[in-house]
Each structure stands twice: as structure tokens, then as C-alpha cells.
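So this block is final-v1.cif, mmCIF, C-alpha atoms:
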data_run
loop_
_atom_site.label_atom_id
_atom_site.label_comp_id
_atom_site.auth_asym_id
_atom_site.auth_seq_id
_atom_site.Cartn_x
_atom_site.Cartn_y
_atom_site.Cartn_z
CA MET A 219 -92.85 -106.81 14.31
CA MET A 220 -93.06 -106.24 18.07
CA MET A 221 -90.75 -108.50 20.10
CA MET A 222 -91.90 -109.97 23.42
CA GLY A 223 -89.97 -109.26 26.61
CA ASP A 224 -88.80 -112.05 28.93
CA GLU A 225 -91.91 -111.87 31.12
CA ASP A 226 -94.24 -111.83 28.11
CA ASP A 227 -92.33 -114.72 26.58
CA GLU A 228 -92.61 -116.81 29.76
CA GLU A 229 -96.31 -116.00 30.02
CA HIS A 230 -96.74 -117.04 26.39
CA GLN A 231 -95.01 -120.34 27.12
CA ARG A 232 -97.27 -120.92 30.12
CA LEU A 233 -100.38 -120.30 28.04
CA VAL A 234 -99.19 -122.72 25.36
CA LEU A 235 -98.48 -125.38 27.98
CA GLU A 236 -101.93 -124.90 29.52
CA GLN A 237 -103.56 -125.25 26.11
CA VAL A 238 -101.67 -128.49 25.46
CA PHE A 239 -101.54 -130.04 28.93
CA GLY A 240 -104.30 -128.27 30.86
CA PRO A 241 -104.09 -125.77 33.74
CA SER A 242 -102.30 -128.23 36.03
CA ILE A 243 -99.07 -127.81 34.09
CA SER A 244 -97.24 -124.65 35.12
CA ASP A 245 -93.81 -123.43 36.09
CA ASP A 246 -94.73 -123.54 39.77
CA ASP A 247 -96.04 -127.13 39.84
CA THR A 248 -93.99 -129.89 41.46
CA HIS A 249 -94.63 -133.62 41.28
CA CYS A 250 -95.89 -134.65 44.69
CA ASP A 251 -98.57 -137.11 43.54
CA GLY A 252 -96.62 -140.32 43.81
CA ARG A 253 -95.81 -140.73 40.12
CA SER A 254 -92.71 -142.74 39.28
CA ASP A 255 -89.57 -141.13 37.87
CA SER A 256 -90.23 -142.76 34.49
CA ASP A 257 -93.72 -141.23 34.31
CA THR A 258 -92.33 -137.81 35.19
CA ASP A 259 -89.50 -138.17 32.65
CA MET A 260 -91.96 -139.10 29.90
CA GLU A 261 -94.16 -136.11 30.70
CA GLU A 262 -91.19 -133.74 30.82
CA GLN A 263 -89.93 -135.11 27.49
CA HIS A 264 -93.38 -134.49 26.00
CA GLN A 265 -93.33 -130.93 27.33
CA ARG A 266 -89.85 -130.34 25.91
CA THR A 267 -90.97 -131.59 22.50
CA VAL A 268 -93.98 -129.26 22.46
CA LEU A 269 -91.88 -126.30 23.59
CA GLU A 270 -89.31 -126.97 20.86
CA GLN A 271 -92.05 -127.15 18.25
CA VAL A 272 -93.51 -123.81 19.38
CA PHE A 273 -90.43 -121.84 20.46
CA GLY A 274 -87.48 -123.66 18.87
CA HIS A 275 -84.57 -125.42 20.52
CA SER A 276 -83.74 -122.47 22.77
CA SER A 277 -86.60 -123.58 25.05
CA SER A 278 -85.09 -127.04 25.51
CA ASP A 279 -84.02 -128.10 28.99
CA GLU A 280 -81.02 -129.98 27.62
CA GLU A 281 -77.77 -128.41 26.52
CA ASN A 282 -77.99 -126.06 23.56
CA ASP A 283 -75.72 -126.13 20.54
CA ASP A 284 -73.23 -123.87 22.32
CA GLY A 285 -72.95 -126.28 25.24
CA ARG A 286 -74.94 -124.18 27.70
CA SER A 287 -77.27 -126.06 30.00
CA ASP A 288 -80.76 -125.31 31.27
CA PHE A 289 -79.28 -123.34 34.18
CA ASP A 290 -77.50 -120.87 31.91
CA SER A 291 -78.66 -117.34 31.26
CA ASP A 292 -77.26 -113.95 30.27
CA TYR A 293 -74.57 -113.10 32.77
CA ASN A 294 -74.82 -109.62 34.27
CA TRP A 295 -72.46 -109.83 37.23
CA GLU A 296 -72.33 -106.91 39.60
CA PRO A 297 -69.80 -106.28 42.40
CA ILE A 298 -70.89 -105.32 45.89
CA GLU A 299 -68.48 -102.42 46.02
CA GLU A 300 -68.23 -102.14 49.82
CA VAL A 301 -67.17 -105.79 50.21
CA LYS A 302 -64.11 -106.77 48.23
CA GLY A 303 -64.57 -110.20 46.68
CA LEU A 304 -68.38 -110.22 46.82
CA TRP A 305 -70.18 -110.52 43.48
CA MET A 306 -73.82 -111.13 42.59
CA LEU A 307 -75.59 -112.46 39.51
CA ARG A 308 -79.27 -111.62 40.01
CA ASN A 309 -80.61 -113.33 36.88
CA PHE A 310 -78.73 -116.62 37.26
CA LEU A 311 -81.92 -118.73 37.11
CA SER A 312 -85.15 -117.96 35.30
CA ILE A 313 -88.54 -118.73 36.87
CA ARG A 314 -88.71 -122.00 34.94
CA GLN A 315 -85.19 -123.00 36.00
CA GLN A 316 -85.92 -122.19 39.64
CA SER A 317 -89.00 -124.41 39.50
CA ARG A 318 -87.04 -127.30 38.01
CA LEU A 319 -84.26 -126.94 40.58
CA LEU A 320 -86.78 -126.91 43.43
CA SER A 321 -88.41 -130.03 41.99
CA SER A 322 -85.01 -131.75 41.85
CA ILE A 323 -84.32 -130.85 45.48
CA GLU A 324 -87.77 -132.06 46.51
CA SER A 325 -87.17 -135.38 44.72
CA GLU A 326 -84.23 -136.06 47.06
CA GLN A 327 -86.77 -136.28 49.95
CA TRP A 328 -84.34 -134.69 52.37
CA PHE A 329 -86.92 -132.56 54.20
CA THR A 330 -89.65 -135.08 55.00
CA GLN A 331 -89.89 -134.04 58.67
CA PRO A 332 -90.31 -130.53 60.14
CA SER A 333 -87.23 -131.08 62.32
CA ILE A 334 -85.00 -131.57 59.27
CA ASN A 335 -84.08 -128.37 57.47
CA GLN A 336 -80.54 -129.01 56.23
CA ALA A 337 -78.90 -131.60 53.97
CA MET A 338 -75.14 -131.86 53.44
CA ARG A 339 -73.24 -133.91 50.87
CA PHE A 340 -69.46 -134.32 50.73
CA GLY A 341 -67.38 -135.56 47.81
CA TYR A 342 -67.91 -134.88 44.11
CA GLN A 343 -68.99 -138.48 43.55
CA ASN A 344 -71.73 -138.06 46.14
CA LEU A 345 -73.29 -134.92 44.69
CA PRO A 346 -76.69 -135.25 42.98
CA HIS A 347 -76.67 -134.87 39.22
CA TRP A 348 -78.47 -131.53 39.42
CA ALA A 349 -75.80 -130.17 41.79
CA ILE A 350 -73.05 -131.11 39.35
CA LYS A 351 -74.91 -129.35 36.53
CA LEU A 352 -75.36 -126.35 38.78
CA SER A 353 -71.62 -126.30 39.49
CA HIS A 354 -70.79 -126.47 35.78
CA SER A 355 -73.13 -123.59 35.08
CA ILE A 356 -71.59 -121.48 37.84
CA ARG A 357 -68.18 -122.04 36.28
CA ARG A 358 -69.46 -120.97 32.86
CA SER A 359 -71.12 -117.89 34.28
CA CYS A 360 -67.88 -116.86 36.01
CA SER A 361 -65.86 -117.57 32.86
CA ASP A 362 -67.80 -114.85 31.06
CA SER A 363 -66.34 -112.35 33.49
CA SER A 364 -62.84 -111.73 34.82
CA PHE A 365 -63.52 -111.18 38.51
CA LEU A 366 -62.71 -114.70 39.79
CA PRO A 367 -58.97 -115.51 39.97
CA PRO A 368 -57.88 -118.18 37.44
CA ASN A 369 -56.52 -120.51 40.13
CA LEU A 370 -60.03 -120.73 41.60
CA LEU A 371 -61.96 -120.81 38.36
CA GLN A 372 -59.81 -123.58 36.84
CA ARG A 373 -59.58 -125.94 39.82
CA GLU A 374 -61.06 -129.43 39.49
CA PRO A 375 -63.66 -129.92 40.64
CA LEU A 376 -64.82 -126.39 41.22
CA PHE A 377 -67.00 -127.59 44.12
CA ASP A 378 -67.26 -130.95 45.86
CA GLN A 379 -69.56 -130.16 48.78
CA ILE A 380 -73.09 -128.78 48.99
CA ILE A 381 -75.44 -127.66 51.74
CA THR A 382 -79.14 -127.34 50.98
CA ASN A 383 -81.13 -125.40 53.56
CA LEU A 384 -84.88 -125.03 53.96
CA TYR A 385 -85.74 -121.93 55.98
CA GLN A 386 -89.18 -121.23 57.40
CA PRO A 387 -90.25 -117.63 58.18
CA GLY A 388 -88.26 -116.38 61.16
CA GLU A 389 -85.34 -118.76 60.61
CA GLY A 390 -81.93 -117.50 59.52
CA ILE A 391 -78.20 -117.91 60.12
CA SER A 392 -76.04 -116.33 62.81
CA PRO A 393 -72.95 -114.23 61.93
CA HIS A 394 -70.10 -116.47 60.82
CA VAL A 395 -67.16 -117.04 58.50
CA ASP A 396 -67.19 -120.45 56.80
CA LEU A 397 -64.76 -122.98 58.25
CA LEU A 398 -61.16 -122.97 57.01
CA ARG A 399 -61.52 -126.63 56.07
CA PHE A 400 -63.07 -125.24 52.87
CA GLU A 401 -61.10 -123.51 50.13
CA ASP A 402 -61.63 -120.01 48.79
CA ALA A 403 -64.69 -119.16 46.66
CA ILE A 404 -68.13 -120.08 47.99
CA ALA A 405 -71.32 -119.93 45.92
CA ILE A 406 -74.88 -119.43 47.22
CA VAL A 407 -77.98 -119.92 45.06
CA SER A 408 -81.22 -118.48 46.49
CA LEU A 409 -84.72 -119.82 45.80
CA GLU A 410 -88.26 -118.83 46.83
CA SER A 411 -88.49 -116.02 49.40
CA SER A 412 -86.21 -113.00 49.13
CA CYS A 413 -84.09 -112.11 52.16
CA VAL A 414 -81.39 -109.70 53.26
CA MET A 415 -77.92 -111.04 54.03
CA HIS A 416 -75.77 -108.73 56.14
CA PHE A 417 -71.99 -108.68 55.75
CA THR A 418 -70.13 -107.30 58.76
CA LEU A 419 -66.50 -106.36 59.38
CA GLU A 420 -65.82 -104.69 62.74
CA GLU A 421 -68.15 -101.65 62.72
CA LEU A 422 -69.10 -101.96 59.06
CA CYS A 423 -72.38 -103.56 57.98
CA VAL A 424 -73.40 -104.02 54.35
CA PRO A 425 -76.90 -105.37 53.55
CA VAL A 426 -77.35 -107.39 50.33
CA LEU A 427 -80.75 -108.37 48.95
CA LEU A 428 -80.84 -112.02 47.86
CA THR A 429 -83.64 -112.48 45.35
CA PRO A 430 -85.05 -115.76 43.97
CA GLY A 431 -82.80 -117.15 41.24
CA SER A 432 -79.78 -115.08 42.29
CA LEU A 433 -76.21 -116.34 42.68
CA VAL A 434 -73.63 -114.93 45.09
CA ILE A 435 -69.90 -115.63 44.94
CA MET A 436 -67.67 -114.89 47.94
CA PHE A 437 -63.88 -115.05 47.64
CA GLY A 438 -60.86 -113.32 49.15
CA ASP A 439 -61.83 -110.75 51.77
CA ALA A 440 -65.55 -111.52 51.44
CA ARG A 441 -64.90 -115.17 52.20
CA TYR A 442 -62.23 -114.90 54.93
CA LEU A 443 -62.65 -111.49 56.64
CA TRP A 444 -66.33 -110.55 56.44
CA LYS A 445 -68.97 -112.38 58.49
CA HIS A 446 -72.36 -112.97 56.90
CA GLU A 447 -75.74 -113.52 58.53
CA ILE A 448 -79.47 -113.64 57.82
CA ASN A 449 -81.83 -112.43 60.55
CA ARG A 450 -85.41 -113.21 59.55
CA LYS A 451 -87.11 -112.22 62.80
CA PRO A 452 -90.13 -109.92 62.34
CA GLY A 453 -89.02 -106.36 61.66
CA PHE A 454 -85.47 -107.29 60.63
CA GLN A 455 -86.17 -108.19 57.02
CA SER A 456 -86.56 -104.87 55.27
CA TRP A 457 -85.13 -103.40 52.10
CA LYS A 458 -85.06 -99.69 51.30
CA GLY A 459 -87.50 -98.97 54.11
CA GLU A 460 -90.05 -101.64 53.20
CA LEU A 461 -90.63 -104.88 55.11
CA LEU A 462 -90.16 -108.04 53.06
CA ASN A 463 -92.97 -110.57 52.95
CA GLN A 464 -91.24 -113.66 54.33
CA SER A 465 -92.15 -117.18 53.25
CA THR A 466 -90.22 -120.42 52.83
CA ARG A 467 -86.70 -119.92 51.49
CA THR A 468 -84.43 -122.59 50.01
CA SER A 469 -80.73 -122.09 49.44
CA VAL A 470 -77.95 -124.18 47.92
CA THR A 471 -74.38 -123.46 49.05
CA LEU A 472 -71.47 -124.96 47.11
CA ARG A 473 -67.95 -125.20 48.51
CA LYS A 474 -64.64 -127.02 47.90
CA LEU A 475 -62.95 -129.04 50.63
CA CYS A 476 -59.27 -128.37 51.23
CA SER A 477 -57.09 -131.28 50.17
CA SER A 478 -55.63 -131.38 53.70
CA ALA A 479 -59.04 -131.48 55.38
CA PRO A 480 -59.64 -134.69 57.39
CA PRO A 481 -62.36 -137.06 56.15
CA ILE A 482 -65.90 -136.35 57.31
#

Please express what this file holds, its structure, as C-alpha cells.
Amino acid sequence: MMMMGDEDDEEHQRLVLEQVFGPSISDDDTHCDGRSDSDTDMEEQHQRTVLEQVFGHSSSDEENDDGRSDFDSDYNWEPIEEVKGLWMLRNFLSIRQQSRLLSSIESEQWFTQPSINQAMRFGYQNLPHWAIKLSHSIRRSCSDSSFLPPNLLQREPLFDQIITNLYQPGEGISPHVDLLRFEDAIAIVSLESSCVMHFTLEELCVPVLLTPGSLVIMFGDARYLWKHEINRKPGFQSWKGELLNQSTRTSVTLRKLCSSAPPI
């Protein structure tokens, strides 16, 4: 019997959902129609039930029998060889998981005005539930590999501060090293538009393509010695000789405050 690939499987799931719920239900839809949280929860529970009936429990958005959450995937970490301490997981989030994460971010209503494009939260107790789940999943994904030092991987909590950025075409970040008030190991989750992040050290410059659903971990030299930047001005966003089609990009950065850092 022929087995479906990941893209065919996701397309199959979309078709089943459309047959059950109508064309308005898709991976890319978000709830912007004023429905209450309880209405949305009931609809999502209905969708989960249908998916489990058709595809089995592996399609559930809750934790599976092995304790892995809806953010988990197969972990194919790759090092960026030129930058010591820089690792990327390109398939961290599936299309469905990216859509759900974007919906969770939208539900926070942080970016209700064009002038607001960044939201920061400090303290583990102040992180949204989805950010805590995201942090747990990052830990599990790193545990499957041996690249992150044990003292970083086993700290509690792994992260207690997040920055969520909403970038419009042409917007980026200037070259910088994150403040020393934060500990080693910084994670960046990319959503929506792809972009190129440049890592620079003196005369060296290493471009890294950040694709939707990817996860980047910076520690050691990559965190403390290399600067990183994103220049999204026209003509600057190209990869392997081809210009990238720039649209809205959302990113979530997770960090850990040093115990000696003064209160915010």
C-alpha cells in the first residue's frame, strides 16, 4: 500500500476538515470574528475529535502517550559550521502548529495598533501558557541531541523571558549581541515570511536562512561573540542569488534572565 508523504497527509487532513466543517476551516484560518474563548475551545475540541477518528491519536493537539506536545516533531538538528554554538532545527513546527501558535499570539491582542510591533514578558509566572509549552518543547527537542551543554539544558526554568516581534516588509534588526543581563542559550522561533539573518564577527559574515517553523539556538560563541542582524530593505533579502518575497514576519525569542540581573 502506498504511504502518503507529510505534504500529502496534511492536504488529506485539510480535505477531511473541509468536508466536515466547510471551506472556512483550514490551517491558515485564525479566529478574528469576535467569538468567545469558550466557543473557540468547543470548535477546536470538535475538530480534534474528528481528526482522531480519521487519523488516530497522533493528530491530537494534546500531549501524546509519549508525553510529546503539539509543538513536537522529528528533530533533525543541523549545526551552522562557520559559527560555533549556532544550531538550527528547520522542521520544529509543522504548518498546522505554526497556524495554532500564530492564533495564540493573536489572541494576546498585543499588536492592535500599527505603532506596536513588539511585546516583552519577564518572569516565568508571567509567560502565556503557549510560551511555556513552547519552552518545554524546545527542551525536549534539544534533549534528543547532545549539542547543548547539560548545565544549560537542565536549568530551571529553561527560559523565563520572551520577546514577540511583528515585522512588516522592510523592517529588521540592527547588528547586536543580546544584553549580558541574559544567560547563555537563546532560542528564536520564526513564523510567516522567510528572512536571512546575518552573523558577523570582525570581517566574517555568515548568512542563515530562517524559514517558517524553524528554531535557532545560539549559545557560547554564537551568543556572546557573534553579532546577528536582519536587513529587510529591498535588495538585501536574497538567498542563493534569488530575492525573497517579503511579507509579514513574526518571531518569538526566548531567553533566561541572570539571577543577578536587577528587576525590570

| query | Between A:Thr466, A:Gln386, A:Gln379, A:Thr418, which is the closest to Phe340 in chain A once you count all atoms listed in the file? | reply | A:Gln379

| task | I would like the residues chosen by the PyMOL selection byres ((chain A and resi 443-460) around 7) on the shown file; could you give them as a list of chain:residue names? | result |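 With the shown file as input, the PyMOL selection byres ((chain A and resi 443-460) around 7) matches A:Pro387, A:Gly388, A:Glu389, A:Gly390, A:Ile391, A:Ser392, A:Pro393, A:His394, A:Val395, A:Cys413, A:Val414, A:Met415, A:His416, A:Phe417, A:Thr418, A:Leu419, A:Asp439, A:Ala440, A:Arg441, A:Tyr442, A:Leu461, A:Leu462.
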
| task | Write out as a PyMOL selection string each polymer residue whose atoms come within 9 Å of Phe400 in chain A, counting only C-alpha atoms; drop sequence neighbours fewer than 3 positions from it. | result | chain A and resi 396-397+403-404+473-477+479

| query | Can you list, as a PyMOL selection string, every protein, DNA or RNA residue that comes within 10 Å of range 420-433 of chain A when you count all atoms listed in the file, leaving out same-chain residues fewer than 5 positions away? | reply | chain A and resi 295+298-301+305-317+319+356+359+405-415+443-448+455-458+467-471

Any chance you could work out the axis-aligned box around range 371-374 of chain A, listed atoms only, 8 Å on each side, giving centre and edge lengths in Å to one decimal, as JSON?
{"center_x": -60.8, "center_y": -125.1, "center_z": 38.3, "size_x": 18.4, "size_y": 24.6, "size_z": 19.0}

| note | In Å and to one decimal, CA of Gln464 in chain A is distant from CA of Arg318 in chain A by 21.7 Å

| request: To one decimal in Å, tell me the separation between CA of Asn383 in chain A and CA of Gln336 in chain A. | output: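 Pair CA of Asn383 in chain A / CA of Gln336 in chain A returns 4.5 Å.
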
Let me know the residues the PyMOL selection byres ((chain A and resi 337) around 7) catches in the file above, as a short mmCIF file (atom, residue, chain, number, x, y, z; two decimals) with C-alpha atoms, in the coordinates of the input.
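So the final result, stored in out-v3.cif, reads:
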data_model
loop_
_atom_site.label_atom_id
_atom_site.label_comp_id
_atom_site.auth_asym_id
_atom_site.auth_seq_id
_atom_site.Cartn_x
_atom_site.Cartn_y
_atom_site.Cartn_z
CA TRP A 328 -84.34 -134.69 52.37
CA GLN A 336 -80.54 -129.01 56.23
CA MET A 338 -75.14 -131.86 53.44
CA ARG A 339 -73.24 -133.91 50.87
CA ILE A 381 -75.44 -127.66 51.74
CA THR A 382 -79.14 -127.34 50.98
CA ASN A 383 -81.13 -125.40 53.56
#

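As for CA of Asn344 in chain A and CA of Phe365 in chain A, they are spaced 29.1 Å apart.
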
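The environment of Pro367 in chain A within 10 Å, counting only C-alpha atoms and disregarding residues fewer than 3 places along the same chain, consists of Cys360, Ser364, Leu370, Leu371, Gln372, Ala403, Phe437 and Gly438 of chain A.
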
Output C-alpha atoms of each residue in that selection to a file, as a short mmCIF file (atom, residue, chain, number, x, y, z; two decimals), in the coordinates of the input.
data_model
loop_
_atom_site.label_atom_id
_atom_site.label_comp_id
_atom_site.auth_asym_id
_atom_site.auth_seq_id
_atom_site.Cartn_x
_atom_site.Cartn_y
_atom_site.Cartn_z
CA CYS A 360 -67.88 -116.86 36.01
CA SER A 364 -62.84 -111.73 34.82
CA LEU A 370 -60.03 -120.73 41.60
CA LEU A 371 -61.96 -120.81 38.36
CA GLN A 372 -59.81 -123.58 36.84
CA ALA A 403 -64.69 -119.16 46.66
CA PHE A 437 -63.88 -115.05 47.64
CA GLY A 438 -60.86 -113.32 49.15
#

| Counting all atoms listed in the file, the residue of A:Asn369, A:Leu376, A:Tyr385, A:Ser465 that sits nearest Leu352 in chain A |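 Checking each candidate against Leu352 in chain A, we get A:Leu376 as the closest.
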
| field | Explicit residues for the PyMOL selection byres ((chain A and resi 342) around 8) (as a VMD selection string) | value | chain A and resid 340 to 341 343 to 345 350 375 377 to 379

| query | From the list A:Leu366, A:Val434, A:Ile334, A:Ile323, which residue is nearest Trp348 in chain A when using only C-alpha atoms? | reply | A:Ile323
